[in-house]
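What follows is a short report on a single structure.
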Amino acid sequence: MVIFLILVIIVFVIGSMKFLFEKELGEFHFFSIGHFFVLFYSYITVLLGFSLIYTVCEMGSIPVLSGGFEHEGHYFYTLFNSMYFSAATLFSVGYGDMYPVGIGKLFASFEAFIGYIMPAIFVMRTVTRT
């Protein structure tokens with residue numbers, strides 16, 4: 001069940017990122033508020049998607065996070081810690097107070113990679129007309 005939920009979340013995250021690659025249909029504007037909304041939407045869905053992956057794994061007794069926090073087993077506490085770790089991983093290299101273990105290393109590496117390439121895709125989308 002945990003693997004199925006993770007696969008569903010990954011499909012939704014990939015589906016939300018397709019907006020970064022779609023061609024605009026309207027008039028071209030070098031700086032558009034629409035571009036920033038697409039980037040914001042993509043970052044939020046990636047952050048929430050990976051935090052849900054971490055939460056599903058932790059609640060399914062698959063350890064993916066370790067560090068300076070206590071595992072109380074409560075869903076919202078686990079979700080909050082997962083969102084914090086996901087944001088620290090997506091927007092920076094992390095703070096070091098929480099770190100991935102086991103399969104979490106793969107998820108965190110993939111999330112960091114996405115966090116690094118999204119600004120480049122945003123710039124490419126902004127400057128490319130055709």
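Residue names in the structure tokens use chain letters A, B, ... in the order shown, residue numbers from 1 in each chain, and ligand numbers from 1 in the order shown.
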Can you tell me, as a list in words, which residues in chain A count as strand (DSSP E) by DSSP?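 Assigned to strand (DSSP E), within chain A: Leu65, Ser66, Gly67, Met98, Tyr99 and Pro100 of chain A.
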Considering only C-alpha atoms, give me a table of residues in region 88-127 of chain A that are at most 9 Å from region 41-48 of chain A, with the closest atom pair and distance in Å for each, as a tab-separated table.
residue	atom	partner	partner_atom	distance
A:Leu90	CA	A:Leu47	CA	6.9
A:Glu111	CA	A:Val46	CA	7.8
A:Ile114	CA	A:Val46	CA	8.4
A:Gly115	CA	A:Tyr43	CA	8.0
A:Met118	CA	A:Tyr43	CA	8.2
Can I get the selected residues back with all heavy atoms, as an mmCIF file, in the first residue's frame?
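And here is the file that came out, out.cif:
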data_model
loop_
_atom_site.group_PDB
_atom_site.id
_atom_site.type_symbol
_atom_site.label_atom_id
_atom_site.label_comp_id
_atom_site.auth_asym_id
_atom_site.auth_seq_id
_atom_site.Cartn_x
_atom_site.Cartn_y
_atom_site.Cartn_z
ATOM 1 N N LEU A 90 14.503 21.143 -0.777
ATOM 2 C CA LEU A 90 14.134 21.701 -2.083
ATOM 3 C C LEU A 90 14.758 23.072 -2.320
ATOM 4 O O LEU A 90 15.230 23.360 -3.413
ATOM 5 C CB LEU A 90 12.611 21.795 -2.199
ATOM 6 C CG LEU A 90 12.032 22.262 -3.520
ATOM 7 C CD1 LEU A 90 12.367 21.272 -4.631
ATOM 8 C CD2 LEU A 90 10.529 22.416 -3.411
ATOM 9 N N GLU A 111 14.754 15.067 -4.966
ATOM 10 C CA GLU A 111 14.114 16.350 -4.661
ATOM 11 C C GLU A 111 15.104 17.500 -4.790
ATOM 12 O O GLU A 111 14.771 18.563 -5.320
ATOM 13 C CB GLU A 111 13.525 16.318 -3.256
ATOM 14 C CG GLU A 111 12.794 17.586 -2.900
ATOM 15 C CD GLU A 111 12.211 17.568 -1.508
ATOM 16 O OE1 GLU A 111 12.548 16.662 -0.711
ATOM 17 O OE2 GLU A 111 11.409 18.472 -1.218
ATOM 18 N N ILE A 114 15.634 18.250 -8.458
ATOM 19 C CA ILE A 114 14.508 19.020 -8.995
ATOM 20 C C ILE A 114 14.593 20.471 -8.542
ATOM 21 O O ILE A 114 14.354 21.399 -9.324
ATOM 22 C CB ILE A 114 13.166 18.380 -8.568
ATOM 23 C CG1 ILE A 114 12.965 17.058 -9.290
ATOM 24 C CG2 ILE A 114 11.992 19.317 -8.856
ATOM 25 C CD1 ILE A 114 11.761 16.273 -8.812
ATOM 26 N N GLY A 115 14.946 20.691 -7.275
ATOM 27 C CA GLY A 115 15.074 22.050 -6.761
ATOM 28 C C GLY A 115 16.152 22.852 -7.457
ATOM 29 O O GLY A 115 16.057 24.075 -7.567
ATOM 30 N N MET A 118 14.791 23.516 -11.429
ATOM 31 C CA MET A 118 13.582 24.312 -11.667
ATOM 32 C C MET A 118 13.881 25.775 -12.000
ATOM 33 O O MET A 118 13.248 26.332 -12.902
ATOM 34 C CB MET A 118 12.618 24.187 -10.494
ATOM 35 C CG MET A 118 11.830 22.886 -10.559
ATOM 36 S SD MET A 118 10.732 22.622 -9.179
ATOM 37 C CE MET A 118 9.524 23.881 -9.427
#
For CA of Thr78 (chain A) and CA of Val11 (chain A), quote the distance in Å rounded to one decimal.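 The value is 22.3 Å.
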